[in-house]
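Pasting work24.cif here (mmCIF, C-alpha atoms):
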data_run
loop_
_atom_site.label_atom_id
_atom_site.label_comp_id
_atom_site.auth_asym_id
_atom_site.auth_seq_id
_atom_site.Cartn_x
_atom_site.Cartn_y
_atom_site.Cartn_z
CA MET A 1164 52.90 -103.56 38.10
CA GLY A 1165 51.40 -105.77 35.42
CA ILE A 1166 51.89 -109.44 34.78
CA SER A 1167 55.02 -109.80 32.68
CA ARG A 1168 56.56 -112.70 30.73
CA ASP A 1169 60.07 -111.26 30.53
CA SER A 1170 63.33 -112.69 31.82
CA LEU A 1171 64.71 -109.35 33.00
CA HIS A 1172 63.77 -110.06 36.62
CA LYS A 1173 65.84 -113.26 36.73
CA ARG A 1174 69.43 -113.53 37.90
CA ARG A 1175 72.42 -114.10 35.66
CA ALA A 1176 73.93 -117.56 35.13
CA THR A 1177 76.65 -116.61 37.63
CA GLY A 1178 74.04 -115.73 40.26
CA GLY A 1179 74.50 -111.95 40.02
CA ARG A 1180 71.57 -109.53 39.89
CA LYS A 1181 70.65 -107.82 36.61
CA LYS A 1182 70.12 -104.07 36.47
CA HIS A 1183 66.88 -102.69 35.05
CA TRP A 1184 67.85 -101.18 31.74
CA ARG A 1185 64.45 -100.71 30.09
CA LYS A 1186 60.72 -100.61 30.78
CA LYS A 1187 58.33 -103.50 30.27
CA LYS A 1188 57.32 -103.97 26.65
CA LYS A 1189 53.91 -104.70 25.18
CA TYR A 1190 55.13 -108.01 23.68
CA GLU A 1191 56.12 -109.23 27.18
CA LEU A 1192 52.54 -108.83 28.38
CA GLY A 1193 51.00 -111.59 30.48
CA ARG A 1194 47.37 -112.01 31.49
CA GLN A 1195 45.51 -113.36 34.51
CA SER A 1196 44.75 -117.07 34.50
CA ALA A 1197 41.24 -118.03 33.44
CA ASN A 1198 40.57 -120.29 36.48
CA THR A 1199 37.88 -122.12 34.50
CA LYS A 1200 35.13 -123.44 36.77
CA LEU A 1201 32.88 -126.45 36.24
CA SER A 1202 29.38 -125.01 35.81
CA SER A 1203 26.28 -125.46 33.63
CA HIS A 1204 26.16 -121.68 33.00
CA VAL A 1205 28.77 -121.69 30.22
CA ALA A 1206 30.71 -118.43 29.85
CA VAL A 1207 33.37 -117.96 27.18
CA ARG A 1208 34.90 -114.53 26.53
CA LYS A 1209 36.77 -113.28 23.47
CA VAL A 1210 40.18 -111.73 24.20
CA ARG A 1211 41.99 -109.55 21.67
CA VAL A 1212 45.63 -110.52 21.32
CA ARG A 1213 48.63 -109.31 19.30
CA GLY A 1214 48.13 -108.83 15.59
CA GLY A 1215 44.41 -108.19 16.04
CA ASN A 1216 43.80 -111.91 16.47
CA SER A 1217 41.54 -113.30 19.15
CA LYS A 1218 41.61 -116.09 21.71
CA PHE A 1219 38.70 -117.52 23.65
CA ARG A 1220 38.91 -117.49 27.45
CA ALA A 1221 36.64 -120.10 29.06
CA LEU A 1222 35.42 -118.88 32.46
CA ARG A 1223 32.81 -121.60 33.06
CA LEU A 1224 32.43 -124.91 31.19
CA ASP A 1225 30.41 -128.11 31.49
CA HIS A 1226 31.57 -130.07 28.44
CA GLY A 1227 34.70 -130.78 26.43
CA ASN A 1228 36.35 -132.82 23.70
CA PHE A 1229 37.87 -135.98 25.14
CA SER A 1230 39.94 -138.73 23.57
CA TRP A 1231 40.13 -142.47 24.25
CA GLY A 1232 43.80 -142.99 23.45
CA SER A 1233 43.93 -146.77 23.03
CA GLU A 1234 40.90 -146.79 20.70
CA ALA A 1235 41.95 -143.59 18.88
CA ILE A 1236 38.53 -141.91 19.04
CA THR A 1237 37.46 -138.50 20.26
CA ARG A 1238 34.00 -137.45 21.38
CA LYS A 1239 32.39 -134.34 22.87
CA THR A 1240 30.99 -135.19 26.28
CA ARG A 1241 29.89 -133.68 29.60
CA ILE A 1242 32.28 -133.14 32.49
CA LEU A 1243 30.77 -134.51 35.69
CA ASP A 1244 33.29 -133.76 38.43
CA VAL A 1245 36.84 -132.71 39.26
CA SER A 1246 38.18 -135.69 41.22
CA TYR A 1247 41.84 -134.94 41.91
CA ASN A 1248 44.50 -132.35 41.28
CA ALA A 1249 48.12 -133.07 42.16
CA SER A 1250 49.06 -129.41 42.41
CA ASN A 1251 46.40 -128.17 44.83
CA ASN A 1252 43.41 -129.58 46.75
CA GLU A 1253 41.79 -126.14 46.61
CA LEU A 1254 41.31 -126.63 42.86
CA VAL A 1255 39.32 -129.81 43.55
CA ARG A 1256 37.15 -128.12 46.19
CA THR A 1257 36.37 -125.16 43.93
CA GLN A 1258 35.84 -127.42 40.85
CA THR A 1259 38.51 -125.59 38.83
CA LEU A 1260 39.43 -127.09 35.45
CA VAL A 1261 43.15 -126.92 34.72
CA LYS A 1262 45.65 -128.94 32.73
CA ASN A 1263 46.51 -132.32 34.30
CA ALA A 1264 43.43 -132.31 36.58
CA ILE A 1265 41.79 -135.73 37.00
CA ILE A 1266 38.13 -135.40 36.08
CA GLN A 1267 35.09 -137.65 35.64
CA ILE A 1268 33.26 -137.53 32.33
CA ASP A 1269 30.04 -138.99 30.95
CA ALA A 1270 31.05 -142.22 29.15
CA THR A 1271 27.85 -142.59 27.10
CA PRO A 1272 29.30 -141.43 23.72
CA PHE A 1273 32.25 -143.82 24.11
CA LYS A 1274 29.99 -146.72 25.13
CA GLN A 1275 27.76 -146.08 22.10
CA TRP A 1276 30.78 -146.07 19.79
CA TYR A 1277 32.12 -149.30 21.35
CA GLN A 1278 28.71 -151.00 20.97
CA GLN A 1279 28.44 -149.97 17.33
CA HIS A 1280 32.08 -150.78 16.46
CA TYR A 1281 32.62 -154.08 18.31
CA GLY A 1282 29.03 -155.24 18.77
CA THR A 1283 29.45 -155.88 22.51
CA GLU A 1284 28.04 -154.01 25.47
CA LEU A 1285 30.67 -152.21 27.53
CA GLY A 1286 30.37 -152.34 31.33
CA THR A 1287 28.66 -155.72 31.71
CA LYS A 1288 30.19 -158.97 32.99
CA LYS A 1289 30.60 -161.94 30.60
CA GLY A 1290 28.11 -164.34 32.24
CA GLU A 1291 25.44 -161.68 32.94
CA GLU A 1292 22.38 -161.17 30.77
CA LYS A 1293 21.13 -157.68 30.12
CA THR A 1294 18.03 -156.89 32.21
CA GLU A 1295 15.86 -154.00 31.14
CA ALA A 1296 14.20 -152.09 33.99
#
Show me the file's structure as structure tokens.
Amino acid sequence: MGISRDSLHKRRATGGRKKHWRKKKKYELGRQSANTKLSSHVAVRKVRVRGGNSKFRALRLDHGNFSWGSEAITRKTRILDVSYNASNNELVRTQTLVKNAIIQIDATPFKQWYQQHYGTELGTKKGEEKTEA
């Protein structure tokens, strides 16, 4: 049995069972999830898909393209940690990157943009002077 994206296994609207009337088709093919891990040893694989096209399957990543919505800017930055995942705590423990996971990123590119655009340092209090160590 392969992974299938068909609706033949579902019940009818009335609740009755459907009979199997044909085999699984190539166009109903599904694939295993990537389960992308947070790691410095980046691994991205090319997967051939229908029509001879290709997709890229990320197995291990350490960076990504992130957007600051209110400022309407996007920067490539490092991913530091997977903090929370509403669907499963196991995904946090294993550092798995999935959609809707709460992660920590390196804010340096955004801070640099803010400094250059607004001329003020981000992350310092108003009364404090900047001390260089």
**Report entry** Selection result for the PyMOL selection byres ((chain A and resi 1230-1245) around 9) on this file, as a PyMOL selection string
**Finding:** chain A and resi 1201+1224-1229+1246-1248+1254-1260+1264-1273+1276
Export of prior selection with C-alpha atoms as a short mmCIF file (atom, residue, chain, number, x, y, z; two decimals), in the frame of the given file:
data_model
loop_
_atom_site.label_atom_id
_atom_site.label_comp_id
_atom_site.auth_asym_id
_atom_site.auth_seq_id
_atom_site.Cartn_x
_atom_site.Cartn_y
_atom_site.Cartn_z
CA LEU A 1201 32.88 -126.45 36.24
CA LEU A 1224 32.43 -124.91 31.19
CA ASP A 1225 30.41 -128.11 31.49
CA HIS A 1226 31.57 -130.07 28.44
CA GLY A 1227 34.70 -130.78 26.43
CA ASN A 1228 36.35 -132.82 23.70
CA PHE A 1229 37.87 -135.98 25.14
CA SER A 1246 38.18 -135.69 41.22
CA TYR A 1247 41.84 -134.94 41.91
CA ASN A 1248 44.50 -132.35 41.28
CA LEU A 1254 41.31 -126.63 42.86
CA VAL A 1255 39.32 -129.81 43.55
CA ARG A 1256 37.15 -128.12 46.19
CA THR A 1257 36.37 -125.16 43.93
CA GLN A 1258 35.84 -127.42 40.85
CA THR A 1259 38.51 -125.59 38.83
CA LEU A 1260 39.43 -127.09 35.45
CA ALA A 1264 43.43 -132.31 36.58
CA ILE A 1265 41.79 -135.73 37.00
CA ILE A 1266 38.13 -135.40 36.08
CA GLN A 1267 35.09 -137.65 35.64
CA ILE A 1268 33.26 -137.53 32.33
CA ASP A 1269 30.04 -138.99 30.95
CA ALA A 1270 31.05 -142.22 29.15
CA THR A 1271 27.85 -142.59 27.10
CA PRO A 1272 29.30 -141.43 23.72
CA PHE A 1273 32.25 -143.82 24.11
CA TRP A 1276 30.78 -146.07 19.79
#
Query raised in the report: Please, what distance in Å, to one decimal, runs between CA of Ser1203 (chain A) and CA of Asn1251 (chain A)?
Result: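 Atom-to-atom, CA of Ser1203 (chain A) and CA of Asn1251 (chain A) are spaced 23.2 Å apart.
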Emit as JSON the padded axis-aligned box for all listed atoms of region 1239-1252 of chain A, 5 Å per side, with centre and edge lengths in Å to one decimal.
{"center_x": 39.5, "center_y": -131.9, "center_z": 34.8, "size_x": 29.2, "size_y": 17.5, "size_z": 33.9}
Query raised in the report: Quick one, how far is CA of His1204 (chain A) from CA of Arg1220 (chain A)?
Result: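 Rounded to one decimal, the two atoms are 14.5 Å apart.
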Report task. Can you work out which one of A:Thr1283, A:Lys1187, A:Gly1193, A:Lys1181 has the shortest atom-to-atom distance to Arg1168 (chain A), counting only C-alpha atoms? Result ->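 The shortest atom-to-atom distance to Arg1168 (chain A) comes from A:Gly1193.
Atom pair CA of Asp1169 (chain A) / CA of Glu1191 (chain A) has a distance of 5.6 Å (rounded to one decimal).
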Query raised in the report: Quick one: of A:Thr1177, A:Lys1274, A:Phe1219, A:Ser1196, who's nearest to Gly1286 (chain A), counting only C-alpha atoms?
Result: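 Smallest distance to Gly1286 (chain A) is found for A:Lys1274.
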